[in-house]
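The block underneath contains the structure these notes are about, expressed in structure tokens.
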4 protein chains.
Amino acid sequence: MAMIVKLSEADPEARPALVAELEALGGQVRILAFPFGTFLAVLDLEQPPLRKVQAMAGVQWARPAGSKPVLAARELNPAGSRVALGAMEIGGERLALVAGPCSVEDREQIFTTARFVAAYGATALRGGAHKPRTSPYAFQGLGQAGVELLAEAGAASSLPVVTEVMEPGDVEAMAPFVDCFQIGARNMANGPLLKAVGRAGKPVLLKRGPAATLAEFVLAAEYILLEGNPQVILCERGIRTFETATRNTLDLNAIPVLKGMTHLPVLVDPSHGTGLRSAVMPMARAAVAAGADGIVVEVHPDPARARSDGDQSLHLPEFRRLAEDLRPVAEAVGRRLDLPATLPFAPNQVPLIRRSAGWGGGR
Amino acid sequence: MAMIVKLSEADPEARPALVAELEALGGQVRILAFPFGTFLAVLDLEQPPLRKVQAMAGVQWARPAGSKPVLAARELNPAGSRVALGAMEIGGERLALVAGPCSVEDREQIFTTARFVAAYGATALRGGAHKPRTSPYAFQGLGQAGVELLAEAGAASSLPVVTEVMEPGDVEAMAPFVDCFQIGARNMANGPLLKAVGRAGKPVLLKRGPAATLAEFVLAAEYILLEGNPQVILCERGIRTFETATRNTLDLNAIPVLKGMTHLPVLVDPSHGTGLRSAVMPMARAAVAAGADGIVVEVHPDPARARSDGDQSLHLPEFRRLAEDLRPVAEAVGRRLDLPATLPFAPNQVPLIRRSAGWGGGR
Amino acid sequence: MAMIVKLSEADPEARPALVAELEALGGQVRILAFPFGTFLAVLDLEQPPLRKVQAMAGVQWARPAGSKPVLAARELNPAGSRVALGAMEIGGERLALVAGPCSVEDREQIFTTARFVAAYGATALRGGAHKPRTSPYAFQGLGQAGVELLAEAGAASSLPVVTEVMEPGDVEAMAPFVDCFQIGARNMANGPLLKAVGRAGKPVLLKRGPAATLAEFVLAAEYILLEGNPQVILCERGIRTFETATRNTLDLNAIPVLKGMTHLPVLVDPSHGTGLRSAVMPMARAAVAAGADGIVVEVHPDPARARSDGDQSLHLPEFRRLAEDLRPVAEAVGRRLDLPATLPFAPNQVPLIRRSAGWGGGR
Amino acid sequence: MAMIVKLSEADPEARPALVAELEALGGQVRILAFPFGTFLAVLDLEQPPLRKVQAMAGVQWARPAGSKPVLAARELNPAGSRVALGAMEIGGERLALVAGPCSVEDREQIFTTARFVAAYGATALRGGAHKPRTSPYAFQGLGQAGVELLAEAGAASSLPVVTEVMEPGDVEAMAPFVDCFQIGARNMANGPLLKAVGRAGKPVLLKRGPAATLAEFVLAAEYILLEGNPQVILCERGIRTFETATRNTLDLNAIPVLKGMTHLPVLVDPSHGTGLRSAVMPMARAAVAAGADGIVVEVHPDPARARSDGDQSLHLPEFRRLAEDLRPVAEAVGRRLDLPATLPFAPNQVPLIRRSAGWGGGR
């Protein structure tokens, strides 16, 4: 069991004494300074002495923490949290558009994609370098070299970058090149990894596991917050059901339910959520209409030859159309999507890169 | 095995000879005159003699029919089918709003609901009289008396009515009172019932079964079309998954996928799809944004005392807000929602009926 | 709401007065005389007057009935119920082996199958005549003619027969030919059908719906008991999950869980449960080891040409092997399987019927 | 893409030349010396030059490797692989019984459990030290200290030990203390971790992910084999479905299906698979009857006070009964379970440890 203590803002000088007193109870104490308040987490207690702590000076309230989220719970920040990523705040009025290829494949591919999605209104660049794949024979990503290539492409296009981290041992090497760590769906419940990105102190895009309930999803976020890192962005990306027409069942119900459960912002990934290029645009519109704070979408200059997820990646011009389609829906629900008024190139200049065949797609 | 034959429109006088010729092959022949063409279905064939039939006079094409839909397939009517219900056509530019209580409970309840949802923009009135319930001890509905009460309430408010039919033997008695038969989710794959409503020749609102793939859903519609009735409206209402935060997982992916598979219009029921009043509005907006042809929603003048599904029913004023919220989203995706400009009563005249407690809710 | 009242056996002459008194309370009263006690069900009550009824003469106890089963609950008959079917009692020490083709196809097929499964140890003959099929173009069964053919084949081989009923209107015509009505998985929650077979007073083999929880499954049985018919045999036949290697996921956990929830006997159908002939035998053994009261299995003299479910049907000699494999497992768990000591024919006399191709399989 | 090449045993001196030739093709070459043959894996090829390689000296066959397992496929070792663990071989005639607490909690708990399960017939000791937990507030395990305690307890009772590893960085420190690494269900698809245990060269107990298909499960095993480690033991432990009566849905269909797909041995964990103590024994019997190579089961001297998974843990005397119940079922299917003939203590000496309350259970 554990206990979360909210400190009264009025009385900061009482804190050291309080921490000492709590440590004397036998638990491990962490100080969590969040934009929505300062908290103490007291861990590894057999029985939290709530009444006693409640009465201490400098304490606003004390709550038990067990099988339900406390730090991520909506009531801790009813107005909703915002997470800064590059020039924007995810969770605010303006919608986020995180776009890029499934995998970073080579310099030309990632720089081309970055340049065009930036021109078309993207607010961040995504691209996988450490790739979780079902088969050991599938393309496993370029690794750290891919991370650095992505960072270069992001810098060249003035976009912050998001990329997946797969093991705690990689966090340190990746951190200087990454604006936001992604925890992939397969790793949503990977405790050591959640703790590691929590300690890294950078924004985390946390994807829902394919078999995770929403309650479990928020508990995974709680792991990160408990390390002192409140910059968690949740991302619904489809759950596994009996339906086979779609790769996953994108569960948009997650949006209103998560908004009730937690103060964290919620993005939606219709690319993995459906696995079908033709379903990406309608489901992106639906996500915005349901109240999502933005969209994560796969875009590739030549989807037919993508080394992964080609079937669900948008062509570059389709991404532009997506952004334009989303704008009126955003406005219909009181949100905003800022698109560049002028494009730095004519439509017929959009590249349709054709590379040598042979790599095939695969998921 | 079976065979579907599309007749050439140019040559109607060749038809009787053609039918005779096909009957001579040993199969059972049905003539299906649909707005998008005239077809022959030849059933119970061991091997469909496709080449032979293809060459016959008056035949445009002949296709085998086995485990996939033919009559409901998109390519038979790429522009999409429309189903007339009252003054509007479901599947056209204007969105449908089918509203009403889960169950018809008494005259006051259904007349009040009908009057207000009509004033607020509903295009049809729903209400259950034959109720499928998980427990035999739950309210089983008013039966035929409820059907007739619903018809009266619909007539008084100039709304066509939709109600569920649960067994083939009830179709005849219900038909004079019903504008559209609903096949509930539990009965989606009930062949005898599908055939019976197919033969009744009225519009059918077919709800997706909680464990039905989209491919199976369209095959259930094919049962109805094969009886000569093309007036089928599909309704996504949530599937059963591991998630427990929502009663079902409303699967909005169904909208783009069904639109690709079939020419039939698609409605969405966010009330059963989520089971949570707070999720009904965002998911209704999402459905419209994804391309649904309308919404089916539960509304009750006193949800806390509804005899079924109270937790997911909107209050009357919430239904008005839903309609107003949907309008800009509809326009953002090129659709239209016609709402009455003036209300026949002031907001404070909306009844908040309070009945004697005791019935409780239940699903 | 409703109320179930257990009558004291000591005081039968108090019953008429008691019924009259309960009817005076406004509810509808049914008398249910079961082998494990006599009960009154009082339906359609706003608030069950439990305390008042508890105090009445002749009442052993009174319980509210709402969303949970009462009549089917284990505690009503802790020793477990037995349902007589032909010469045996399902639920006793001896295991049931219900075998036969998916569909009754013709006289030769059903008579051959009946003769051999009887010789090999089957205790009942199954065969579908009214067939629920996903596609309207799939073989829909021989209907009432098939029911009568099955009855003839059963009589010729001294086996009781089990066959599916799909609509309430068929119950009366089928009843004289049927020893046990089967409610198929698609119809598990079909209230009117459950009531109809409840009133028919014959044993009912109730299959679990593919998306039904075990709690819902037992409530479906409660529908039948509430009509005064306690002869319900539950049958686990697989649920729908994300796994695609098997047609369904046979959920053997159902056996211990149902045995704790209800007094009704539990059979297992590994044919539908797996959809794979190669998995039928191991899963049948597993079911017996887990405590099932018997097995329902599809057997066909020529599975490759079966008109339905050929992929999961055993060949006749495989059925013999299944029975022999099950015997030691049954004994290992304290049960018994009675197999005929001598076969009325040599192994090489087992027919391998080969019919004209063309019908194909399909599910 | 990749290619797997089976080397001819007759021609070992041709190997170095062959490897050099394959490296010249541009791929990365690994030599895999397995009990069932020697193989080369050639990775990162754009197009595997199968025909050319097939013709090379010393090559028995060459196969492409993409989205399906090759090294784990049944046909590579039709007789089935055996994995040595302590004194026995998993996959042989004798069944494995891996028993122990969910978590290693303290010296008394793990030594007591080890002593009794050894006396009762266990073939290996399990116990978690690095614990994956849904909530960050739940007991996270004793870590490396717990690993070492487990190793001591195993040594004291002459049982090999199995414990979960959660991150690649822990493999090295754990290896000296561990006889078999467990990959938990949450980490089944954790590529870096699979590779790390593959390289550690010790037996691996790989648990099926709660949303993993059987095809994906075998691909996870392929990750380990591709590192040169063939000592993989698969473990079915339940999948996530809509059913809530059990914690997971133990999918025994996995046994016959996996036995057809792969040569690796298959264990079953009925504790996690059901989450219900009362279902553990029947499902363990069912698993053995279906052909499992053994059982993994949670046992605790005081389940009510276990720090995790108390609801599903057997009491010590229940474990003895389980072993005795399994023996006749094992024999009924041609397997063997060796139980000590005499117990080193009287039944009334079995401890029922009662510790101070307060830690509660939780999953």
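Residue numbers start at 1 in each chain; chains themselves are named A, B, ... in the order of the structure tokens; ligands are numbered from 1 in the order shown.
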Q: Using only C-alpha atoms, find which residues of chain B lie within 9 Å of chain C and jot them down as a ChimeraX atom specification.
A: /B:1-3,43-47,65-69,131-139,166-169,186-193,210-211,216-217,219-220,222-223,226,240-241,357-360,362
(Q) Taking 4 positions as the minimum chain separation for residues in the same chain, which residues sit within 7 Å of region 51-59 of chain C when counting only C-alpha atoms? Answer as a count of residues only. (A) 7
Q.
Write out as JSON, numbers by chain the set of residues from region 107-351 of chain A that DSSP, computed on the backbone, places in strand (DSSP E or B).
A. {"A": [124, 125, 126, 128, 161, 162, 163, 164, 180, 181, 182, 183, 204, 205, 206, 207, 232, 233, 234, 235, 236, 239, 249, 262, 266, 267, 268, 294, 295, 296, 297, 298, 299, 314, 336]}
Any chance you could export the current selection's N, CA, C and O atoms as a compact mmCIF listing (two decimals), in the first residue's frame?
```
# COMPACT_ATOMS: atom_id res chain seq x y z
N ALA A 124 4.32 17.74 -34.90
CA ALA A 124 5.46 16.93 -34.44
C ALA A 124 5.73 15.85 -35.48
O ALA A 124 4.84 15.50 -36.26
N LEU A 125 6.96 15.34 -35.47
CA LEU A 125 7.38 14.30 -36.41
C LEU A 125 7.55 12.99 -35.66
O LEU A 125 8.23 12.93 -34.64
N ARG A 126 6.93 11.93 -36.17
CA ARG A 126 7.12 10.63 -35.55
C ARG A 126 7.92 9.74 -36.51
O ARG A 126 7.95 9.97 -37.73
N GLY A 128 9.83 5.47 -36.24
CA GLY A 128 10.36 4.43 -35.37
C GLY A 128 11.79 4.06 -35.74
O GLY A 128 12.11 3.91 -36.92
N VAL A 161 10.43 15.87 -32.23
CA VAL A 161 10.32 14.48 -32.67
C VAL A 161 9.90 13.53 -31.55
O VAL A 161 10.22 13.73 -30.37
N VAL A 162 9.17 12.49 -31.96
CA VAL A 162 8.64 11.46 -31.07
C VAL A 162 9.11 10.12 -31.61
O VAL A 162 8.92 9.83 -32.79
N THR A 163 9.71 9.31 -30.76
CA THR A 163 10.11 7.98 -31.23
C THR A 163 10.07 6.99 -30.09
O THR A 163 10.15 7.37 -28.92
N GLU A 164 9.90 5.73 -30.46
CA GLU A 164 9.68 4.69 -29.45
C GLU A 164 10.98 4.25 -28.80
O GLU A 164 12.00 4.07 -29.45
N CYS A 180 10.17 13.67 -27.28
CA CYS A 180 9.10 12.94 -26.58
C CYS A 180 9.36 11.45 -26.80
O CYS A 180 9.52 10.99 -27.93
N PHE A 181 9.43 10.69 -25.71
CA PHE A 181 9.57 9.24 -25.81
C PHE A 181 8.21 8.60 -26.07
O PHE A 181 7.22 8.97 -25.40
N GLN A 182 8.17 7.68 -26.98
CA GLN A 182 6.94 6.89 -27.13
C GLN A 182 7.11 5.55 -26.44
O GLN A 182 8.15 4.89 -26.61
N ILE A 183 6.10 5.17 -25.65
CA ILE A 183 6.02 3.81 -25.14
C ILE A 183 5.00 3.11 -26.03
O ILE A 183 3.83 3.52 -26.10
N VAL A 204 6.16 11.98 -22.51
CA VAL A 204 6.01 10.57 -22.88
C VAL A 204 4.68 10.40 -23.59
O VAL A 204 3.64 10.80 -23.06
N LEU A 205 4.73 9.82 -24.78
CA LEU A 205 3.51 9.45 -25.49
C LEU A 205 3.27 7.98 -25.16
O LEU A 205 4.00 7.10 -25.63
N LEU A 206 2.25 7.71 -24.36
CA LEU A 206 2.00 6.36 -23.86
C LEU A 206 0.86 5.74 -24.63
O LEU A 206 -0.28 6.21 -24.56
N LYS A 207 1.15 4.68 -25.38
CA LYS A 207 0.10 4.04 -26.17
C LYS A 207 -0.60 2.97 -25.36
O LYS A 207 0.02 2.25 -24.58
N VAL A 232 2.67 13.29 -19.42
CA VAL A 232 2.23 12.06 -20.08
C VAL A 232 1.08 12.38 -21.03
O VAL A 232 0.12 13.05 -20.65
N ILE A 233 1.21 11.90 -22.25
CA ILE A 233 0.17 12.05 -23.27
C ILE A 233 -0.34 10.64 -23.56
O ILE A 233 0.43 9.77 -23.98
N LEU A 234 -1.62 10.42 -23.35
CA LEU A 234 -2.19 9.09 -23.62
C LEU A 234 -2.52 8.98 -25.11
O LEU A 234 -2.87 9.98 -25.76
N CYS A 235 -2.43 7.78 -25.64
CA CYS A 235 -2.76 7.60 -27.06
C CYS A 235 -3.54 6.30 -27.27
O CYS A 235 -3.02 5.21 -27.07
N GLU A 236 -4.81 6.44 -27.65
CA GLU A 236 -5.64 5.29 -28.02
C GLU A 236 -5.23 4.85 -29.41
O GLU A 236 -5.16 5.67 -30.33
N ILE A 239 -7.75 -1.73 -29.87
CA ILE A 239 -7.65 -2.90 -29.01
C ILE A 239 -7.89 -4.15 -29.83
O ILE A 239 -8.37 -4.08 -30.97
N THR A 249 -9.35 -2.78 -33.23
CA THR A 249 -10.61 -2.05 -33.13
C THR A 249 -10.30 -0.73 -32.42
O THR A 249 -10.12 -0.70 -31.20
N THR A 262 -9.14 10.87 -16.07
CA THR A 262 -7.81 11.44 -15.88
C THR A 262 -7.71 12.84 -16.45
O THR A 262 -8.48 13.22 -17.33
N VAL A 266 -5.31 13.31 -24.44
CA VAL A 266 -5.57 12.07 -25.14
C VAL A 266 -5.44 12.27 -26.66
O VAL A 266 -6.18 13.07 -27.24
N LEU A 267 -4.52 11.56 -27.26
CA LEU A 267 -4.42 11.55 -28.73
C LEU A 267 -5.00 10.23 -29.25
O LEU A 267 -5.22 9.29 -28.50
N VAL A 268 -5.21 10.19 -30.56
CA VAL A 268 -5.74 8.98 -31.20
C VAL A 268 -4.90 8.67 -32.42
O VAL A 268 -4.55 9.57 -33.19
N GLY A 294 -5.76 15.50 -30.37
CA GLY A 294 -4.93 15.48 -31.57
C GLY A 294 -4.87 14.09 -32.14
O GLY A 294 -5.48 13.15 -31.61
N ILE A 295 -4.11 13.97 -33.22
CA ILE A 295 -4.05 12.75 -34.02
C ILE A 295 -2.58 12.37 -34.21
O ILE A 295 -1.74 13.23 -34.43
N VAL A 296 -2.31 11.07 -34.14
CA VAL A 296 -1.01 10.52 -34.51
C VAL A 296 -1.25 9.70 -35.77
O VAL A 296 -2.10 8.81 -35.76
N VAL A 297 -0.52 9.99 -36.83
CA VAL A 297 -0.84 9.34 -38.09
C VAL A 297 0.42 8.98 -38.86
O VAL A 297 1.41 9.71 -38.85
N GLU A 298 0.37 7.83 -39.53
CA GLU A 298 1.52 7.39 -40.31
C GLU A 298 1.43 7.92 -41.74
O GLU A 298 0.41 7.78 -42.41
N VAL A 299 2.52 8.52 -42.17
CA VAL A 299 2.61 9.14 -43.50
C VAL A 299 3.92 8.66 -44.11
O VAL A 299 4.95 8.61 -43.42
N LEU A 314 -0.56 6.98 -44.94
CA LEU A 314 -1.07 7.92 -45.92
C LEU A 314 0.04 8.34 -46.86
O LEU A 314 1.20 8.44 -46.47
N ARG A 336 -9.19 24.05 -32.52
CA ARG A 336 -8.54 24.82 -33.55
C ARG A 336 -7.42 23.97 -34.14
O ARG A 336 -6.75 23.21 -33.44
```
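Residue neighbourhood of Glu318 (chain B), excluding near-sequence residues (fewer than 4 positions): Ala99, Phe116, Val117, Tyr120, Arg277, Ser278, Val280, Met281, Val297, Glu298, Val299, His300, Pro301, Asp302, Pro303, Gln312, Ser313, Leu314, Leu322, Ala323, Glu324, Asp325, Pro347 and Val350 of chain B, at 12 Å, using only C-alpha atoms.
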Q.
Using only C-alpha atoms, which protein or nucleic acid residues come within 10 Å of Gly154 (chain D)? Drop anything in the same chain fewer than 4 positions from it, and give the result as a list in words.
A.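 The residues satisfying every condition are Ile110, Phe111, Thr113, Ala114, Arg115, Ala118, Ala124, Leu125, Arg126, Glu148, Leu149, Leu150, Ser158, Leu159, Pro160, Val161, Val162, Phe177, Val178 and Asp179 of chain D.
Between CA of Lys259 (chain D) and CA of Ala62 (chain D) lies a distance of 23.9 Å.
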(Q) I'd like the neighbourhood of Asn253 (chain D) as a PyMOL selection string, where a residue qualifies if any of its atoms comes within 10 Å (using only C-alpha atoms), though same-chain residues fewer than 2 positions away should be ignored. (A) (chain C and resi 245-246+248-252+270+273-274+276+279-280+282-283+286) or (chain D and resi 214+236+250-251+255-258+287+290)
Selection export as a PDB file, in the first residue's frame, atoms kept: C-alpha atoms:
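Listed below is the output, out.pdb:
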```
ATOM      1  CA  ALA C 245      -6.361 -20.655 -35.050  1.00  0.00           C
ATOM      2  CA  THR C 246      -9.584 -22.186 -33.769  1.00  0.00           C
ATOM      3  CA  ASN C 248     -14.160 -20.571 -31.480  1.00  0.00           C
ATOM      4  CA  THR C 249     -12.308 -20.664 -28.163  1.00  0.00           C
ATOM      5  CA  LEU C 250     -13.710 -23.671 -26.308  1.00  0.00           C
ATOM      6  CA  ASP C 251     -13.867 -22.344 -22.747  1.00  0.00           C
ATOM      7  CA  LEU C 252     -13.416 -25.332 -20.449  1.00  0.00           C
ATOM      8  CA  PRO C 270     -15.491 -29.777 -28.858  1.00  0.00           C
ATOM      9  CA  GLY C 273     -15.708 -25.324 -29.826  1.00  0.00           C
ATOM     10  CA  THR C 274     -12.579 -25.763 -31.911  1.00  0.00           C
ATOM     11  CA  LEU C 276     -10.715 -28.555 -36.014  1.00  0.00           C
ATOM     12  CA  ALA C 279      -8.484 -30.862 -31.716  1.00  0.00           C
ATOM     13  CA  VAL C 280     -11.739 -32.686 -31.017  1.00  0.00           C
ATOM     14  CA  PRO C 282      -7.793 -33.876 -26.931  1.00  0.00           C
ATOM     15  CA  MET C 283     -10.438 -31.330 -25.995  1.00  0.00           C
ATOM     16  CA  ALA C 286      -9.905 -32.417 -21.326  1.00  0.00           C
TER      17      ALA C 286
ATOM     18  CA  LEU D 214      -0.951 -18.780 -31.034  1.00  0.00           C
ATOM     19  CA  GLU D 236      -0.455 -21.202 -21.848  1.00  0.00           C
ATOM     20  CA  LEU D 250      -7.421 -20.388 -19.916  1.00  0.00           C
ATOM     21  CA  ASP D 251      -7.296 -21.521 -23.547  1.00  0.00           C
ATOM     22  CA  ILE D 255      -2.352 -27.451 -26.433  1.00  0.00           C
ATOM     23  CA  PRO D 256      -3.405 -29.421 -29.516  1.00  0.00           C
ATOM     24  CA  VAL D 257      -2.919 -26.396 -31.769  1.00  0.00           C
ATOM     25  CA  LEU D 258       0.612 -25.652 -30.500  1.00  0.00           C
ATOM     26  CA  ALA D 287      -4.615 -29.682 -19.329  1.00  0.00           C
ATOM     27  CA  ALA D 290      -5.400 -32.556 -23.486  1.00  0.00           C
TER      28      ALA D 290
END
```
